[in-house]
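In what follows, a structure is listed as structure tokens, so that the remarks can point back to it.
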Amino acid sequence: MRLPQARLDQVLDRFREIEARMGAATDGTEIVRLSKEHAELRPVAEAVIAVQKVLAEKPELEAMAADPDPDISELARDELERLDARLPEMEREVALLLAPRDKDENASAILEVRAGTGGDEAALFAGDLFRMYQRYAASQGWRVEIDSVSEGEMGGYKEIVASITGDGVFGRLKFESGVHRVQRVPETEAQGRIHTSAATVAVLPEVEDVDIVINDADLRIDTYRSSGAGGQHVNKTDSAVRITHLPTGVVVTSSEKSQHENRRKAMKNLKAKLYDMQREALDTARADARKSQVGSGDRSERIRTYNFPQGRVTDHRINLTLYNLAKVMEGEALDDVIKPLIAEDQAARLSALEDEFN
């Protein structure tokens, strides 16, 4: 994709302007804001400069390719061929960096997994999904911290909420939001019949304090006794925290041992939920322009089926079917599903950029 030179110049001008302002800024808030924009623009500016360098080299190489000395002309032609092979991919990289992009791409994330239809089997499947994401997170070098959990009677989870901290977590996992369906023979099924059950997954960007403001007057904070595996502390201490955001009715809980830590985690999750509501409202407003996007963001949408008897996993949004279910559930091959989703989203973003320039 050949991008307009004016757009490339605009990026470089803004990047240089920010660098100059950072050198002169004395206000702490402005320095933070400029540093954030500088970090976002730097990869784009570096990619643009690399493309411009290649384009600047070509005329000189073309002149050398016409040199009567065969050694010089052959070397120049070889270098031209190499540059011509690299240039389209370099320009595509610039286009992707310039294409409309989720500003929360690099954020950490809140992961929520809940049992859906299917009773005990749904809770067991929710547990399997959460372990899949745990193992995948470990393979990416991310840190997983459980914020609240409600265990199923036969194992697994009725609901589990965790923070996943690392670079690019939300951008990697955001397409996991939706209904995940499983087809398998439950351990409790004496007749060997295949059952279908489901779990819902929500992935929310973890937001910084500057992203959303919550008024204390809008909150009702309750403490109560944790329920869990047992033990004196669980039974006797009102350490669990429930926070209700009165204007929206959003409720979050945290049920670890420390009441102070529970308040911190619950407030963090509340901010993520309120921020996600803002994102969803914007997504709805832009729905007509986003029909080609991979996920609609509707968490009632069935996005994936895990068929254990056939060892098959199918992502319905991009009609992707793989026969490595065991490795996917281990987290080892989850990228085999995630990467095609990201590629599809990138294609949609590039298409939107082309429409902008046409």
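Following the order of the structure tokens, chains are lettered A, B, ..., residues in each are numbered from 1, and ligands are numbered from 1.
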
Query - Neighbour list for segment 159-170 of chain A as number ranges by chain, cut-off 8 Å, only C-alpha atoms, skip fewer than 2 positions in-chain - result: A: 104-115, 123, 126, 130, 137, 141-151, 157, 172-174, 203-205

Generate the output file for the selected residues, C-alpha atoms, as an mmCIF file, in the first residue's frame.
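Okay, out.cif is ready:
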data_model
loop_
_atom_site.group_PDB
_atom_site.id
_atom_site.type_symbol
_atom_site.label_atom_id
_atom_site.label_comp_id
_atom_site.auth_asym_id
_atom_site.auth_seq_id
_atom_site.Cartn_x
_atom_site.Cartn_y
_atom_site.Cartn_z
ATOM 1 C CA ASP A 104 -5.715 -0.081 24.754
ATOM 2 C CA GLU A 105 -3.727 -2.550 22.647
ATOM 3 C CA ASN A 106 -0.726 -2.576 24.996
ATOM 4 C CA ALA A 107 -2.703 -2.561 28.260
ATOM 5 C CA SER A 108 -2.799 -5.267 30.890
ATOM 6 C CA ALA A 109 -6.212 -6.921 31.243
ATOM 7 C CA ILE A 110 -8.914 -8.176 33.584
ATOM 8 C CA LEU A 111 -10.013 -11.710 32.656
ATOM 9 C CA GLU A 112 -13.453 -12.934 33.742
ATOM 10 C CA VAL A 113 -14.553 -16.529 33.132
ATOM 11 C CA ARG A 114 -18.064 -17.623 34.142
ATOM 12 C CA ALA A 115 -19.919 -20.925 33.857
ATOM 13 C CA ALA A 123 -18.231 -24.964 35.799
ATOM 14 C CA ALA A 126 -14.853 -22.692 32.936
ATOM 15 C CA PHE A 130 -9.100 -20.431 32.946
ATOM 16 C CA ALA A 137 0.005 -16.216 30.063
ATOM 17 C CA GLY A 141 5.896 -14.043 30.498
ATOM 18 C CA TRP A 142 2.761 -12.376 31.923
ATOM 19 C CA ARG A 143 1.754 -12.389 35.590
ATOM 20 C CA VAL A 144 -1.664 -13.749 36.640
ATOM 21 C CA GLU A 145 -3.229 -12.655 39.929
ATOM 22 C CA ILE A 146 -6.629 -14.005 41.007
ATOM 23 C CA ASP A 147 -8.963 -11.253 42.231
ATOM 24 C CA SER A 148 -12.071 -13.253 43.159
ATOM 25 C CA VAL A 149 -13.289 -16.803 42.745
ATOM 26 C CA SER A 150 -16.452 -18.858 43.263
ATOM 27 C CA GLU A 151 -15.789 -22.572 42.933
ATOM 28 C CA TYR A 157 -15.470 -22.379 38.722
ATOM 29 C CA ARG A 172 -3.502 -10.375 22.455
ATOM 30 C CA LEU A 173 -6.570 -11.594 24.340
ATOM 31 C CA LYS A 174 -9.336 -9.129 23.447
ATOM 32 C CA VAL A 203 -11.446 -9.529 28.642
ATOM 33 C CA LEU A 204 -11.358 -5.896 29.796
ATOM 34 C CA PRO A 205 -8.445 -3.468 29.465
#

Report task. Using DSSP on the backbone, list every residue of segment 59-143 of chain A that comes out as helix (DSSP H, G or I), and give them as JSON, numbers by chain. Result -> {"A": [59, 60, 61, 62, 63, 64, 65, 70, 71, 72, 73, 74, 75, 76, 77, 78, 79, 80, 81, 82, 83, 84, 85, 86, 87, 88, 89, 90, 91, 92, 93, 94, 95, 96, 97, 98, 119, 120, 121, 122, 123, 124, 125, 126, 127, 128, 129, 130, 131, 132, 133, 134, 135, 136, 137, 138, 139, 140]}

Could you please take those selected residues and save C-alpha atoms as a PDB file, in the first residue's frame?
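Output below, filename result-v8.pdb:
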ATOM      1  CA  PRO A  59      17.562   6.744  -7.695  1.00  0.00           C
ATOM      2  CA  GLU A  60      21.280   6.430  -6.950  1.00  0.00           C
ATOM      3  CA  LEU A  61      21.160   2.652  -7.356  1.00  0.00           C
ATOM      4  CA  GLU A  62      19.230   2.969 -10.626  1.00  0.00           C
ATOM      5  CA  ALA A  63      21.953   5.278 -11.947  1.00  0.00           C
ATOM      6  CA  MET A  64      24.653   2.816 -10.847  1.00  0.00           C
ATOM      7  CA  ALA A  65      22.758  -0.043 -12.519  1.00  0.00           C
ATOM      8  CA  PRO A  70      29.543  -4.672 -15.307  1.00  0.00           C
ATOM      9  CA  ASP A  71      30.684  -5.303 -11.700  1.00  0.00           C
ATOM     10  CA  ILE A  72      29.207  -2.012 -10.484  1.00  0.00           C
ATOM     11  CA  SER A  73      25.974  -2.430 -12.453  1.00  0.00           C
ATOM     12  CA  GLU A  74      25.484  -6.011 -11.240  1.00  0.00           C
ATOM     13  CA  LEU A  75      25.981  -5.019  -7.599  1.00  0.00           C
ATOM     14  CA  ALA A  76      23.528  -2.139  -8.037  1.00  0.00           C
ATOM     15  CA  ARG A  77      20.922  -4.371  -9.677  1.00  0.00           C
ATOM     16  CA  ASP A  78      21.245  -6.923  -6.872  1.00  0.00           C
ATOM     17  CA  GLU A  79      20.758  -4.204  -4.266  1.00  0.00           C
ATOM     18  CA  LEU A  80      17.782  -2.776  -6.164  1.00  0.00           C
ATOM     19  CA  GLU A  81      16.204  -6.207  -6.296  1.00  0.00           C
ATOM     20  CA  ARG A  82      16.719  -6.585  -2.544  1.00  0.00           C
ATOM     21  CA  LEU A  83      15.181  -3.168  -1.828  1.00  0.00           C
ATOM     22  CA  ASP A  84      12.228  -3.804  -4.142  1.00  0.00           C
ATOM     23  CA  ALA A  85      11.547  -7.067  -2.294  1.00  0.00           C
ATOM     24  CA  ARG A  86      11.687  -5.347   1.127  1.00  0.00           C
ATOM     25  CA  LEU A  87       9.765  -2.186   0.299  1.00  0.00           C
ATOM     26  CA  PRO A  88       6.184  -3.592   0.116  1.00  0.00           C
ATOM     27  CA  GLU A  89       6.486  -5.229   3.535  1.00  0.00           C
ATOM     28  CA  MET A  90       8.025  -2.069   5.009  1.00  0.00           C
ATOM     29  CA  GLU A  91       5.182   0.020   3.589  1.00  0.00           C
ATOM     30  CA  ARG A  92       2.643  -2.470   4.931  1.00  0.00           C
ATOM     31  CA  GLU A  93       4.212  -2.151   8.382  1.00  0.00           C
ATOM     32  CA  VAL A  94       3.861   1.640   8.210  1.00  0.00           C
ATOM     33  CA  ALA A  95       0.254   1.293   7.044  1.00  0.00           C
ATOM     34  CA  LEU A  96      -0.571  -1.019   9.956  1.00  0.00           C
ATOM     35  CA  LEU A  97       0.980   1.425  12.409  1.00  0.00           C
ATOM     36  CA  LEU A  98      -1.062   4.265  10.895  1.00  0.00           C
ATOM     37  CA  GLY A 119     -24.588 -26.955  35.312  1.00  0.00           C
ATOM     38  CA  ASP A 120     -21.580 -28.722  36.869  1.00  0.00           C
ATOM     39  CA  GLU A 121     -20.084 -29.472  33.455  1.00  0.00           C
ATOM     40  CA  ALA A 122     -20.140 -25.748  32.587  1.00  0.00           C
ATOM     41  CA  ALA A 123     -18.231 -24.964  35.799  1.00  0.00           C
ATOM     42  CA  LEU A 124     -15.661 -27.650  34.973  1.00  0.00           C
ATOM     43  CA  PHE A 125     -15.268 -26.199  31.480  1.00  0.00           C
ATOM     44  CA  ALA A 126     -14.853 -22.692  32.936  1.00  0.00           C
ATOM     45  CA  GLY A 127     -12.022 -24.121  35.018  1.00  0.00           C
ATOM     46  CA  ASP A 128     -10.434 -25.673  31.935  1.00  0.00           C
ATOM     47  CA  LEU A 129     -10.642 -22.359  30.072  1.00  0.00           C
ATOM     48  CA  PHE A 130      -9.100 -20.431  32.946  1.00  0.00           C
ATOM     49  CA  ARG A 131      -6.203 -22.901  33.183  1.00  0.00           C
ATOM     50  CA  MET A 132      -5.723 -22.563  29.401  1.00  0.00           C
ATOM     51  CA  TYR A 133      -5.330 -18.808  29.777  1.00  0.00           C
ATOM     52  CA  GLN A 134      -3.054 -19.263  32.827  1.00  0.00           C
ATOM     53  CA  ARG A 135      -0.707 -21.502  30.884  1.00  0.00           C
ATOM     54  CA  TYR A 136      -0.784 -19.211  27.860  1.00  0.00           C
ATOM     55  CA  ALA A 137       0.005 -16.216  30.063  1.00  0.00           C
ATOM     56  CA  ALA A 138       2.965 -18.070  31.584  1.00  0.00           C
ATOM     57  CA  SER A 139       4.311 -18.817  28.091  1.00  0.00           C
ATOM     58  CA  GLN A 140       4.131 -15.075  27.286  1.00  0.00           C
TER      59      GLN A 140
END

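Distances from A:Val337, A:Val328, A:Val313, A:Val11 to Glu176 of chain A were compared using only C-alpha atoms, and the smallest one belongs to A:Val337.
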
Report task. Please run DSSP on the backbone and report, as a VMD selection string, all residues within segment 150-356 of chain A that come out as strand (DSSP E). Result -> chain A and resid 150 to 151 157 to 165 178 to 184 195 to 205 219 to 224 240 to 245 250 to 254 302 to 307 312 to 315 320 to 322

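Using only C-alpha atoms, the smallest distance between any of A:Lys36, A:Lys327, A:Lys271, A:His195 and Thr244 of chain A comes from A:Lys271.
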